Amino acid sequence: MGYIDIVKNEYIKEILHKGIRDDGRKFMQYRSIQASVGTIPNAEGSAEVDIGNTKVLAGIKIDVDTPMPDKPEEGNLIVSAELLPLASPDYDIGPPSPAAIELARVVDRGIRAANILDTQSLFIEKDKVWSVFIDIYVLNYDGNLFDASTLSAVAALLHTRQPKYEEEKVIREGTLPKLKTNGMVTSCTFGKINGNILLDPDGSEESIMDTRLTIANDENNNIKAMQKGLHGTFSIKEVESMIDTTFEKSKDLRSVLSSLEN
Amino acid sequence: MFKLEGNKPQLIIDGKRTDGRGFDELRPIKIEANILKNANGSAYIEWGNNKILAAVYGPKEALPKHTADPTMAIIKSRYTMAPFSSLEEHGRSGPNRRATEISKVTSEVFENIIMREMFPGTEIDIFIEVLQSDGGTRAAGITVASVALAAAGIPMYDLPYAVSAGKIGDQMVLDLNKIEDNYSDADIPMAISPRNGDILLLQMDGSITKEDFSTAYSMVKKAGATISKIQKDALKAPYEKIIEKYR
Amino acid sequence: MNRIIVPGEVIAEKEIRMPYTYTEGGKTYSTVLGIYEAEHSSIIPLEGLWSPNRDDDVVGIVEEDKGSVYIVDLNSPYTGVIISKFSQTELAPGDVIYAKVKEFDEKKEVILMHPRKLYGGKIINVKPSKVPRIIGNKNTMLNELIQGSKSNIIVGMNGMLWVKGGDVALATEAILKIQEEAHTQGLTDRIKKMFEKTGV
């Protein structure tokens, strides 16, 4: 982080003190969310989500694979994330950074815990199952990759076609059934700056926040995943309040998912 | 899906190609500039079924310092394909040998075209991300990267475009899609400097005669007029939209 | 008649000297995406980079104190350098300053002089090519901005602007609007109207 950010940081802290965020939002308000599915027809499923200027593309590929030894009759879910160097001057080329790995694992956890994917329905025959690969491609960074990534991964999953396996070949063309999914999961991410808790921190806010919390929940308000990040702390009261906000705001996120058509 | 002749699908039936195009016909191309907020310049292209993003960062300080050239900017292109970009299986992440070679020849195009001496000690990064592929991605990548560079305000001698020509049986054709690329008798990607027709990138794979090559070059140049106009319109569009709004 | 031009476009069928062009084979070509003003025979770049000139006012942030020099971040490919013994103010990393360009040397460092510290406030980065429009002819646009928002505004030719006090959000909105519409007619009037409506 260069000194340019430090100057912006001081300014942001100053106005938060007055109850204002730099882009005029309320503390518990999302930026505008745009989502679309089927953007990459070659992939079995795809979705692009924009939260403010954060832009994330999720692509899904389904291949025939061998099952994990401890789950011989279940298919596999593999979630990966790439912070593409074109998304930010701070992203470098090279293998996935700890941040990219954390992002993929948190999104994975929400989807897996909520059983969005019916892994038993991915069984083909002995030693053959379907592997569902979700690749999260961050195209432009402006904060809150967690919510944008979960939203795009789930949006893509809900509109994915299931290839057929016939005569030892994978059939990806023609009329294909939809991949079997259950329900929805969404996440809400909060950042803390000087004691102020903000929903959906943007890039500038993220560069100065000292603590972060992501909470994933399903339609029944069961909490499916939680991830605290950064070096600060939260009190139990703060966490309970963020859980309440998450339950409330997740209704809007699920509306975004419901309104999507291929 | 395709009529098979032995093991190869028939690529030309009754004088038409698999997607109905004529021999010197380009696939439809759309370009949009300034699509990413953080990059200094960016553009997105849809070329047939190809979907490719290009983004430029720089000129900025060349790092690590020992790679810097005290007399000019170094050009670092990186071409990569998303793991979900093909019609087939999930691809591996990270650059492979093919992507490394494409990155190199792409850098060489822009090393010629960018006025590098104006920015000594710096580097200019060009990222080309193939989100969906259907043959001719290196050509589409160079074409959209030119637009991203101009949108970044980087001074250049020209606005290069690229397209491939190929040979199917005895017939020279323009702009091979994936199926044609896989089964053609030759694949010739070319990048051209429009102001004088000079060749900035040339690769060939297969078997052609000297006359075939001349034919290929003519087809590429003819298509170039169309491609250049699309690049230029993409650069002008955001400005003309605002001029219209306040006319 | 003005027209938008791109790199490699022919400006003249003879060799003439003009910024943002080069000559080759008896013709003059544009090097940038810009507007060609036939009347003034000049090109205004629509995007990109700052070319430092002596006496340019710049805004920057001190990055390092190396003892004999200060290194200044100018948000550009060129690093700013202040020779410590010629600076009347003591500076520290993190300080926002405005200064003048003394010279731009071959090592592509911008030597700065007369640094002055700025306290508090917000920095807005704009494209350097838009800065002349933000200042306006004889400072007309800048005065509009200052009066309309009641903010202190210092404009760096390097594209860094410092804004403090008054209605910073309104000033920011106006500056970004100027950046987006810099190439159109009637912009000063639209900015005036914008302040009249929202008024501070």
# chains A, B, ... in the order shown; residues from 1 in each chain; ligands from 1
call {"tool": "select_by_dssp", "arguments": {"residues": "segment 22-220 of chain A", "states": "alpha helix (DSSP H)", "output": "PDB file with N, CA, C and O atoms, in the first residue's frame"}}
result
ATOM      1  N   PRO A  98      -2.140 -16.431  -0.949  1.00  0.00           N
ATOM      2  CA  PRO A  98      -2.985 -16.852   0.181  1.00  0.00           C
ATOM      3  C   PRO A  98      -4.376 -16.213   0.127  1.00  0.00           C
ATOM      4  O   PRO A  98      -5.358 -16.849   0.488  1.00  0.00           O
ATOM      5  N   ALA A  99      -4.457 -14.990  -0.338  1.00  0.00           N
ATOM      6  CA  ALA A  99      -5.769 -14.320  -0.429  1.00  0.00           C
ATOM      7  C   ALA A  99      -6.678 -15.035  -1.422  1.00  0.00           C
ATOM      8  O   ALA A  99      -7.873 -15.204  -1.179  1.00  0.00           O
ATOM      9  N   ALA A 100      -6.117 -15.450  -2.545  1.00  0.00           N
ATOM     10  CA  ALA A 100      -6.909 -16.152  -3.560  1.00  0.00           C
ATOM     11  C   ALA A 100      -7.366 -17.502  -3.031  1.00  0.00           C
ATOM     12  O   ALA A 100      -8.496 -17.931  -3.243  1.00  0.00           O
ATOM     13  N   ILE A 101      -6.483 -18.168  -2.323  1.00  0.00           N
ATOM     14  CA  ILE A 101      -6.815 -19.487  -1.778  1.00  0.00           C
ATOM     15  C   ILE A 101      -7.884 -19.355  -0.695  1.00  0.00           C
ATOM     16  O   ILE A 101      -8.847 -20.139  -0.651  1.00  0.00           O
ATOM     17  N   GLU A 102      -7.740 -18.348   0.160  1.00  0.00           N
ATOM     18  CA  GLU A 102      -8.747 -18.142   1.205  1.00  0.00           C
ATOM     19  C   GLU A 102     -10.113 -17.867   0.562  1.00  0.00           C
ATOM     20  O   GLU A 102     -11.127 -18.427   0.977  1.00  0.00           O
ATOM     21  N   LEU A 103     -10.122 -17.042  -0.460  1.00  0.00           N
ATOM     22  CA  LEU A 103     -11.360 -16.704  -1.155  1.00  0.00           C
ATOM     23  C   LEU A 103     -12.039 -17.963  -1.683  1.00  0.00           C
ATOM     24  O   LEU A 103     -13.227 -18.201  -1.437  1.00  0.00           O
ATOM     25  N   ALA A 104     -11.268 -18.804  -2.376  1.00  0.00           N
ATOM     26  CA  ALA A 104     -11.835 -20.033  -2.950  1.00  0.00           C
ATOM     27  C   ALA A 104     -12.372 -20.942  -1.855  1.00  0.00           C
ATOM     28  O   ALA A 104     -13.467 -21.510  -1.979  1.00  0.00           O
ATOM     29  N   ARG A 105     -11.635 -21.083  -0.777  1.00  0.00           N
ATOM     30  CA  ARG A 105     -12.032 -22.009   0.279  1.00  0.00           C
ATOM     31  C   ARG A 105     -13.272 -21.524   1.025  1.00  0.00           C
ATOM     32  O   ARG A 105     -14.121 -22.330   1.415  1.00  0.00           O
ATOM     33  N   VAL A 106     -13.384 -20.208   1.215  1.00  0.00           N
ATOM     34  CA  VAL A 106     -14.568 -19.682   1.911  1.00  0.00           C
ATOM     35  C   VAL A 106     -15.815 -19.858   1.044  1.00  0.00           C
ATOM     36  O   VAL A 106     -16.870 -20.275   1.533  1.00  0.00           O
ATOM     37  N   VAL A 107     -15.701 -19.561  -0.246  1.00  0.00           N
ATOM     38  CA  VAL A 107     -16.840 -19.744  -1.157  1.00  0.00           C
ATOM     39  C   VAL A 107     -17.230 -21.221  -1.192  1.00  0.00           C
ATOM     40  O   VAL A 107     -18.404 -21.587  -1.124  1.00  0.00           O
ATOM     41  N   ASP A 108     -16.225 -22.083  -1.254  1.00  0.00           N
ATOM     42  CA  ASP A 108     -16.435 -23.541  -1.268  1.00  0.00           C
ATOM     43  C   ASP A 108     -17.224 -23.976  -0.029  1.00  0.00           C
ATOM     44  O   ASP A 108     -18.199 -24.730  -0.131  1.00  0.00           O
ATOM     45  N   ARG A 109     -16.778 -23.475   1.123  1.00  0.00           N
ATOM     46  CA  ARG A 109     -17.398 -23.867   2.380  1.00  0.00           C
ATOM     47  C   ARG A 109     -18.891 -23.556   2.409  1.00  0.00           C
ATOM     48  O   ARG A 109     -19.707 -24.379   2.821  1.00  0.00           O
ATOM     49  N   GLY A 110     -19.242 -22.346   1.960  1.00  0.00           N
ATOM     50  CA  GLY A 110     -20.652 -21.943   1.957  1.00  0.00           C
ATOM     51  C   GLY A 110     -21.481 -22.874   1.084  1.00  0.00           C
ATOM     52  O   GLY A 110     -22.543 -23.361   1.483  1.00  0.00           O
ATOM     53  N   ILE A 111     -20.967 -23.148  -0.133  1.00  0.00           N
ATOM     54  CA  ILE A 111     -21.701 -23.982  -1.085  1.00  0.00           C
ATOM     55  C   ILE A 111     -21.815 -25.419  -0.577  1.00  0.00           C
ATOM     56  O   ILE A 111     -22.868 -26.053  -0.655  1.00  0.00           O
ATOM     57  N   ARG A 112     -20.713 -25.925  -0.027  1.00  0.00           N
ATOM     58  CA  ARG A 112     -20.691 -27.307   0.445  1.00  0.00           C
ATOM     59  C   ARG A 112     -21.585 -27.488   1.658  1.00  0.00           C
ATOM     60  O   ARG A 112     -22.387 -28.420   1.720  1.00  0.00           O
ATOM     61  N   ALA A 113     -21.474 -26.573   2.632  1.00  0.00           N
ATOM     62  CA  ALA A 113     -22.257 -26.699   3.864  1.00  0.00           C
ATOM     63  C   ALA A 113     -23.746 -26.573   3.579  1.00  0.00           C
ATOM     64  O   ALA A 113     -24.577 -27.187   4.252  1.00  0.00           O
ATOM     65  N   LEU A 145     -14.588  -9.095  -2.429  1.00  0.00           N
ATOM     66  CA  LEU A 145     -14.566 -10.187  -3.390  1.00  0.00           C
ATOM     67  C   LEU A 145     -15.394 -11.364  -2.885  1.00  0.00           C
ATOM     68  O   LEU A 145     -15.924 -12.138  -3.675  1.00  0.00           O
ATOM     69  N   PHE A 146     -15.519 -11.499  -1.557  1.00  0.00           N
ATOM     70  CA  PHE A 146     -16.223 -12.661  -1.008  1.00  0.00           C
ATOM     71  C   PHE A 146     -17.672 -12.718  -1.478  1.00  0.00           C
ATOM     72  O   PHE A 146     -18.153 -13.747  -1.964  1.00  0.00           O
ATOM     73  N   ASP A 147     -18.392 -11.608  -1.309  1.00  0.00           N
ATOM     74  CA  ASP A 147     -19.811 -11.633  -1.663  1.00  0.00           C
ATOM     75  C   ASP A 147     -20.000 -11.757  -3.170  1.00  0.00           C
ATOM     76  O   ASP A 147     -20.886 -12.473  -3.635  1.00  0.00           O
ATOM     77  N   ALA A 148     -19.187 -11.048  -3.940  1.00  0.00           N
ATOM     78  CA  ALA A 148     -19.312 -11.112  -5.402  1.00  0.00           C
ATOM     79  C   ALA A 148     -18.994 -12.522  -5.892  1.00  0.00           C
ATOM     80  O   ALA A 148     -19.631 -13.038  -6.809  1.00  0.00           O
ATOM     81  N   SER A 149     -17.994 -13.163  -5.265  1.00  0.00           N
ATOM     82  CA  SER A 149     -17.601 -14.507  -5.703  1.00  0.00           C
ATOM     83  C   SER A 149     -18.647 -15.540  -5.326  1.00  0.00           C
ATOM     84  O   SER A 149     -18.972 -16.425  -6.131  1.00  0.00           O
ATOM     85  N   THR A 150     -19.181 -15.460  -4.111  1.00  0.00           N
ATOM     86  CA  THR A 150     -20.215 -16.424  -3.711  1.00  0.00           C
ATOM     87  C   THR A 150     -21.434 -16.258  -4.619  1.00  0.00           C
ATOM     88  O   THR A 150     -21.987 -17.243  -5.117  1.00  0.00           O
ATOM     89  N   LEU A 151     -21.811 -15.018  -4.835  1.00  0.00           N
ATOM     90  CA  LEU A 151     -22.984 -14.754  -5.671  1.00  0.00           C
ATOM     91  C   LEU A 151     -22.785 -15.296  -7.087  1.00  0.00           C
ATOM     92  O   LEU A 151     -23.673 -15.948  -7.652  1.00  0.00           O
ATOM     93  N   SER A 152     -21.602 -15.049  -7.675  1.00  0.00           N
ATOM     94  CA  SER A 152     -21.403 -15.509  -9.053  1.00  0.00           C
ATOM     95  C   SER A 152     -21.276 -17.023  -9.122  1.00  0.00           C
ATOM     96  O   SER A 152     -21.795 -17.655 -10.044  1.00  0.00           O
ATOM     97  N   ALA A 153     -20.646 -17.638  -8.122  1.00  0.00           N
ATOM     98  CA  ALA A 153     -20.513 -19.100  -8.135  1.00  0.00           C
ATOM     99  C   ALA A 153     -21.884 -19.755  -8.016  1.00  0.00           C
ATOM    100  O   ALA A 153     -22.207 -20.710  -8.729  1.00  0.00           O
ATOM    101  N   VAL A 154     -22.709 -19.239  -7.100  1.00  0.00           N
ATOM    102  CA  VAL A 154     -24.036 -19.842  -6.911  1.00  0.00           C
ATOM    103  C   VAL A 154     -24.930 -19.556  -8.114  1.00  0.00           C
ATOM    104  O   VAL A 154     -25.646 -20.440  -8.588  1.00  0.00           O
ATOM    105  N   ALA A 155     -24.883 -18.331  -8.634  1.00  0.00           N
ATOM    106  CA  ALA A 155     -25.682 -17.995  -9.819  1.00  0.00           C
ATOM    107  C   ALA A 155     -25.327 -18.935 -10.969  1.00  0.00           C
ATOM    108  O   ALA A 155     -26.204 -19.461 -11.665  1.00  0.00           O
ATOM    109  N   ALA A 156     -24.035 -19.183 -11.149  1.00  0.00           N
ATOM    110  CA  ALA A 156     -23.607 -20.070 -12.231  1.00  0.00           C
ATOM    111  C   ALA A 156     -24.121 -21.483 -11.985  1.00  0.00           C
ATOM    112  O   ALA A 156     -24.649 -22.142 -12.888  1.00  0.00           O
ATOM    113  N   LEU A 157     -23.987 -21.951 -10.743  1.00  0.00           N
ATOM    114  CA  LEU A 157     -24.419 -23.314 -10.410  1.00  0.00           C
ATOM    115  C   LEU A 157     -25.906 -23.538 -10.683  1.00  0.00           C
ATOM    116  O   LEU A 157     -26.311 -24.609 -11.147  1.00  0.00           O
ATOM    117  N   GLY A 203     -12.881  -0.920  -2.253  1.00  0.00           N
ATOM    118  CA  GLY A 203     -11.431  -1.084  -2.249  1.00  0.00           C
ATOM    119  C   GLY A 203     -10.720  -0.169  -1.267  1.00  0.00           C
ATOM    120  O   GLY A 203      -9.836  -0.588  -0.529  1.00  0.00           O
ATOM    121  N   SER A 204     -11.111   1.103  -1.250  1.00  0.00           N
ATOM    122  CA  SER A 204     -10.447   2.046  -0.332  1.00  0.00           C
ATOM    123  C   SER A 204     -10.725   1.684   1.111  1.00  0.00           C
ATOM    124  O   SER A 204      -9.838   1.748   1.962  1.00  0.00           O
ATOM    125  N   GLU A 205     -11.973   1.315   1.419  1.00  0.00           N
ATOM    126  CA  GLU A 205     -12.310   0.946   2.788  1.00  0.00           C
ATOM    127  C   GLU A 205     -11.559  -0.314   3.205  1.00  0.00           C
ATOM    128  O   GLU A 205     -11.057  -0.429   4.314  1.00  0.00           O
ATOM    129  N   GLU A 206     -11.438  -1.262   2.268  1.00  0.00           N
ATOM    130  CA  GLU A 206     -10.717  -2.498   2.596  1.00  0.00           C
ATOM    131  C   GLU A 206      -9.248  -2.243   2.888  1.00  0.00           C
ATOM    132  O   GLU A 206      -8.646  -2.944   3.696  1.00  0.00           O
ATOM    133  N   SER A 207      -8.674  -1.246   2.260  1.00  0.00           N
ATOM    134  CA  SER A 207      -7.243  -1.016   2.475  1.00  0.00           C
ATOM    135  C   SER A 207      -6.982  -0.447   3.857  1.00  0.00           C
ATOM    136  O   SER A 207      -5.849  -0.476   4.320  1.00  0.00           O
ATOM    137  N   ILE A 208      -8.012   0.068   4.549  1.00  0.00           N
ATOM    138  CA  ILE A 208      -7.755   0.567   5.904  1.00  0.00           C
ATOM    139  C   ILE A 208      -8.503  -0.170   6.997  1.00  0.00           C
ATOM    140  O   ILE A 208      -8.296   0.090   8.166  1.00  0.00           O
TER     141      ILE A 208
END
call {"tool": "select_by_dssp", "arguments": {"residues": "segment 28-117 of chain C", "states": "strand (DSSP E or B)", "output": "ChimeraX atom specification"}}
result
/C:28-30,34-37,42-45,57-65,69-73,79-83,96-104,109-117
call {"tool": "closest_atom_pairs", "arguments": {"of": "chain C", "to": "chain B", "cutoff": "9 Å", "atoms": "only C-alpha atoms", "output": "Markdown table"}}
result
| residue | atom | partner | partner_atom | distance |
| --- | --- | --- | --- | --- |
| C:Ile4 | CA | B:Lys236 | CA | 6.7 |
| C:Ile5 | CA | B:Lys236 | CA | 8.2 |
| C:Val6 | CA | B:Lys232 | CA | 6.8 |
| C:Pro7 | CA | B:Asp158 | CA | 4.9 |
| C:Gly8 | CA | B:Asp158 | CA | 3.7 |
| C:Glu9 | CA | B:Asp158 | CA | 7.4 |
| C:Val10 | CA | B:Arg195 | CA | 8.4 |
| C:Tyr20 | CA | B:Pro155 | CA | 7.7 |
| C:Thr21 | CA | B:Tyr157 | CA | 8.7 |
| C:Tyr22 | CA | B:Tyr157 | CA | 7.8 |
| C:Tyr29 | CA | B:Tyr157 | CA | 7.7 |
| C:Ser30 | CA | B:Tyr157 | CA | 7.6 |
| C:Thr31 | CA | B:Pro155 | CA | 4.9 |
| C:Val32 | CA | B:Pro155 | CA | 5.1 |
| C:Leu33 | CA | B:Ala150 | CA | 6.0 |
| C:Gly34 | CA | B:Gly153 | CA | 8.8 |
| C:Pro45 | CA | B:Gly153 | CA | 7.5 |
| C:Leu46 | CA | B:Gly153 | CA | 7.4 |
| C:Glu47 | CA | B:Gly153 | CA | 4.6 |
| C:Gly48 | CA | B:Gly153 | CA | 3.9 |
| C:Leu49 | CA | B:Gly153 | CA | 6.5 |
| C:Ser76 | CA | B:Lys60 | CA | 7.2 |
| C:Pro77 | CA | B:Lys60 | CA | 4.5 |
| C:Tyr78 | CA | B:Glu61 | CA | 7.9 |
| C:Thr79 | CA | B:Glu61 | CA | 8.8 |
| C:Glu106 | CA | B:Pro120 | CA | 8.7 |
| C:Lys107 | CA | B:Pro70 | CA | 7.7 |
| C:Lys108 | CA | B:Pro120 | CA | 7.1 |
| C:Glu180 | CA | B:Ile242 | CA | 8.1 |
| C:Glu181 | CA | B:Ile242 | CA | 6.6 |
| C:His183 | CA | B:Tyr239 | CA | 7.6 |
| C:Thr184 | CA | B:Ile243 | CA | 5.6 |
| C:Gln185 | CA | B:Tyr246 | CA | 7.6 |
| C:Gly186 | CA | B:Tyr246 | CA | 8.0 |
| C:Leu187 | CA | B:Tyr246 | CA | 8.8 |
call {"tool": "write_last_selection", "arguments": {"atoms": "N, CA, C and O atoms", "output": "compact mmCIF listing (two decimals), in the first residue's frame"}}
result
# COMPACT_ATOMS: atom_id res chain seq x y z
N ILE C 4 -12.06 12.87 -34.23
CA ILE C 4 -11.33 11.98 -33.33
C ILE C 4 -10.38 11.14 -34.17
O ILE C 4 -10.77 10.57 -35.19
N ILE C 5 -9.13 11.08 -33.74
CA ILE C 5 -8.12 10.32 -34.49
C ILE C 5 -7.51 9.25 -33.59
O ILE C 5 -7.57 9.33 -32.37
N VAL C 6 -6.92 8.26 -34.25
CA VAL C 6 -6.31 7.15 -33.52
C VAL C 6 -4.83 7.05 -33.93
O VAL C 6 -4.44 7.63 -34.95
N PRO C 7 -4.04 6.28 -33.18
CA PRO C 7 -2.63 6.12 -33.56
C PRO C 7 -2.50 5.57 -34.97
O PRO C 7 -3.24 4.68 -35.38
N GLY C 8 -1.55 6.12 -35.73
CA GLY C 8 -1.30 5.63 -37.08
C GLY C 8 -2.17 6.31 -38.12
O GLY C 8 -2.04 6.03 -39.32
N GLU C 9 -3.05 7.23 -37.68
CA GLU C 9 -3.92 7.90 -38.66
C GLU C 9 -3.15 9.05 -39.32
O GLU C 9 -2.41 9.77 -38.65
N VAL C 10 -3.37 9.24 -40.63
CA VAL C 10 -2.66 10.29 -41.37
C VAL C 10 -3.26 11.66 -41.03
O VAL C 10 -4.46 11.86 -41.17
N TYR C 20 2.47 15.03 -30.49
CA TYR C 20 1.64 13.82 -30.64
C TYR C 20 1.60 13.31 -32.08
O TYR C 20 0.64 12.65 -32.48
N THR C 21 2.61 13.64 -32.86
CA THR C 21 2.69 13.08 -34.22
C THR C 21 4.11 12.63 -34.51
O THR C 21 5.03 12.95 -33.75
N TYR C 22 4.26 11.89 -35.59
CA TYR C 22 5.60 11.58 -36.10
C TYR C 22 5.51 11.62 -37.62
O TYR C 22 4.40 11.56 -38.18
N TYR C 29 1.75 11.37 -39.08
CA TYR C 29 0.78 10.45 -38.47
C TYR C 29 0.55 10.79 -37.01
O TYR C 29 1.47 11.24 -36.31
N SER C 30 -0.64 10.52 -36.51
CA SER C 30 -0.93 10.69 -35.08
C SER C 30 -0.30 9.55 -34.29
O SER C 30 -0.18 8.43 -34.80
N THR C 31 0.07 9.82 -33.05
CA THR C 31 0.59 8.74 -32.20
C THR C 31 -0.41 8.36 -31.11
O THR C 31 -0.19 7.38 -30.40
N VAL C 32 -1.48 9.17 -30.97
CA VAL C 32 -2.41 8.91 -29.86
C VAL C 32 -3.87 8.94 -30.29
O VAL C 32 -4.19 9.42 -31.38
N LEU C 33 -4.71 8.46 -29.38
CA LEU C 33 -6.16 8.65 -29.50
C LEU C 33 -6.42 10.09 -29.07
O LEU C 33 -6.10 10.46 -27.94
N GLY C 34 -6.96 10.90 -29.94
CA GLY C 34 -7.14 12.30 -29.59
C GLY C 34 -8.10 13.01 -30.51
O GLY C 34 -8.70 12.40 -31.40
N PRO C 45 -4.78 15.07 -26.83
CA PRO C 45 -4.95 13.66 -26.48
C PRO C 45 -6.18 13.46 -25.60
O PRO C 45 -6.46 14.30 -24.73
N LEU C 46 -6.91 12.39 -25.84
CA LEU C 46 -8.10 12.11 -25.04
C LEU C 46 -7.76 11.31 -23.80
O LEU C 46 -8.51 11.27 -22.85
N GLU C 47 -6.63 10.64 -23.78
CA GLU C 47 -6.27 9.80 -22.64
C GLU C 47 -4.85 10.12 -22.22
O GLU C 47 -4.18 10.92 -22.85
N GLY C 48 -4.38 9.45 -21.19
CA GLY C 48 -2.94 9.28 -20.95
C GLY C 48 -2.20 10.38 -20.30
O GLY C 48 -2.68 11.22 -19.59
N LEU C 49 -0.99 10.33 -20.60
CA LEU C 49 0.13 10.51 -19.69
C LEU C 49 0.59 11.96 -19.57
O LEU C 49 0.40 12.76 -20.47
N SER C 76 2.66 8.63 -11.35
CA SER C 76 3.00 8.65 -12.77
C SER C 76 4.22 7.74 -12.95
O SER C 76 4.83 7.34 -11.95
N PRO C 77 4.58 7.42 -14.20
CA PRO C 77 5.78 6.58 -14.35
C PRO C 77 7.05 7.29 -13.89
O PRO C 77 8.08 6.67 -13.75
N TYR C 78 6.96 8.59 -13.67
CA TYR C 78 8.15 9.34 -13.27
C TYR C 78 8.14 9.61 -11.77
O TYR C 78 7.13 10.03 -11.21
N THR C 79 9.29 9.39 -11.14
CA THR C 79 9.40 9.65 -9.71
C THR C 79 9.76 11.10 -9.49
O THR C 79 10.55 11.67 -10.24
N GLU C 106 17.23 13.25 -17.86
CA GLU C 106 17.24 12.06 -18.73
C GLU C 106 16.99 10.78 -17.96
O GLU C 106 16.60 9.78 -18.55
N LYS C 107 17.32 10.75 -16.66
CA LYS C 107 17.08 9.52 -15.91
C LYS C 107 15.59 9.35 -15.66
O LYS C 107 15.17 8.47 -14.93
N LYS C 108 14.80 10.26 -16.23
CA LYS C 108 13.34 10.27 -16.09
C LYS C 108 12.93 10.43 -14.64
O LYS C 108 12.03 9.75 -14.16
N GLU C 180 -15.12 13.41 -17.61
CA GLU C 180 -15.84 12.60 -18.59
C GLU C 180 -16.28 13.43 -19.81
O GLU C 180 -16.32 12.91 -20.92
N GLU C 181 -16.60 14.70 -19.60
CA GLU C 181 -17.16 15.50 -20.70
C GLU C 181 -16.18 16.53 -21.24
O GLU C 181 -16.58 17.44 -21.97
N HIS C 183 -14.28 16.82 -23.58
CA HIS C 183 -14.15 17.04 -25.03
C HIS C 183 -15.41 17.64 -25.64
O HIS C 183 -15.52 17.74 -26.86
N THR C 184 -16.40 18.03 -24.82
CA THR C 184 -17.66 18.53 -25.37
C THR C 184 -17.75 20.05 -25.26
O THR C 184 -16.97 20.69 -24.57
N GLN C 185 -18.78 20.60 -25.95
CA GLN C 185 -19.06 22.04 -25.86
C GLN C 185 -19.97 22.31 -24.68
O GLN C 185 -20.71 21.43 -24.25
N GLY C 186 -19.95 23.53 -24.20
CA GLY C 186 -20.91 23.97 -23.18
C GLY C 186 -20.69 23.39 -21.80
O GLY C 186 -21.57 23.44 -20.94
N LEU C 187 -19.50 22.87 -21.54
CA LEU C 187 -19.26 22.21 -20.26
C LEU C 187 -19.28 23.19 -19.09
O LEU C 187 -19.86 22.92 -18.04
call {"tool": "closest_residue", "arguments": {"among": "C:Trp162, C:Tyr70, C:Trp50, C:Tyr36", "to": "chain A", "atoms": "only C-alpha atoms"}}
result
C:Trp162
call {"tool": "closest_atom_pairs", "arguments": {"of": "chain B", "to": "chain A", "cutoff": "7 Å", "atoms": "only C-alpha atoms", "output": "JSON lines"}}
result
{"residue": "B:Leu36", "atom": "CA", "partner": "A:Asn140", "partner_atom": "CA", "distance": 6.2}
{"residue": "B:Lys37", "atom": "CA", "partner": "A:Asn140", "partner_atom": "CA", "distance": 6.8}
{"residue": "B:Asn38", "atom": "CA", "partner": "A:Ser88", "partner_atom": "CA", "distance": 5.8}
{"residue": "B:Ala39", "atom": "CA", "partner": "A:Leu86", "partner_atom": "CA", "distance": 6.5}
{"residue": "B:Ala55", "atom": "CA", "partner": "A:Leu86", "partner_atom": "CA", "distance": 5.8}
{"residue": "B:Phe84", "atom": "CA", "partner": "A:Ala43", "partner_atom": "CA", "distance": 5.4}
{"residue": "B:Ser85", "atom": "CA", "partner": "A:Asn42", "partner_atom": "CA", "distance": 6.3}
{"residue": "B:Ser86", "atom": "CA", "partner": "A:Asn42", "partner_atom": "CA", "distance": 5.8}
{"residue": "B:Leu87", "atom": "CA", "partner": "A:Asn42", "partner_atom": "CA", "distance": 4.8}
{"residue": "B:Glu89", "atom": "CA", "partner": "A:Asp63", "partner_atom": "CA", "distance": 6.1}
{"residue": "B:His90", "atom": "CA", "partner": "A:Lys61", "partner_atom": "CA", "distance": 5.5}
{"residue": "B:Phe127", "atom": "CA", "partner": "A:Leu86", "partner_atom": "CA", "distance": 6.2}
{"residue": "B:Gln132", "atom": "CA", "partner": "A:Ile40", "partner_atom": "CA", "distance": 6.3}
call {"tool": "interface_residues", "arguments": {"of": "chain C", "to": "chain A", "cutoff": "12 Å", "atoms": "only C-alpha atoms", "output": "PyMOL selection string"}}
result
chain C and resi 59-64+71-76+92-97+118-125+160-165+167-170+172-173
call {"tool": "atom_distance", "arguments": {"atom1": "atom CA of Val56 of chain A", "atom2": "atom CA of Ala81 of chain A"}}
result
10.0 Å
call {"tool": "atom_distance", "arguments": {"atom1": "atom CA of Gly174 of chain A", "atom2": "atom CA of Asp134 of chain B"}}
result
18.1 Å
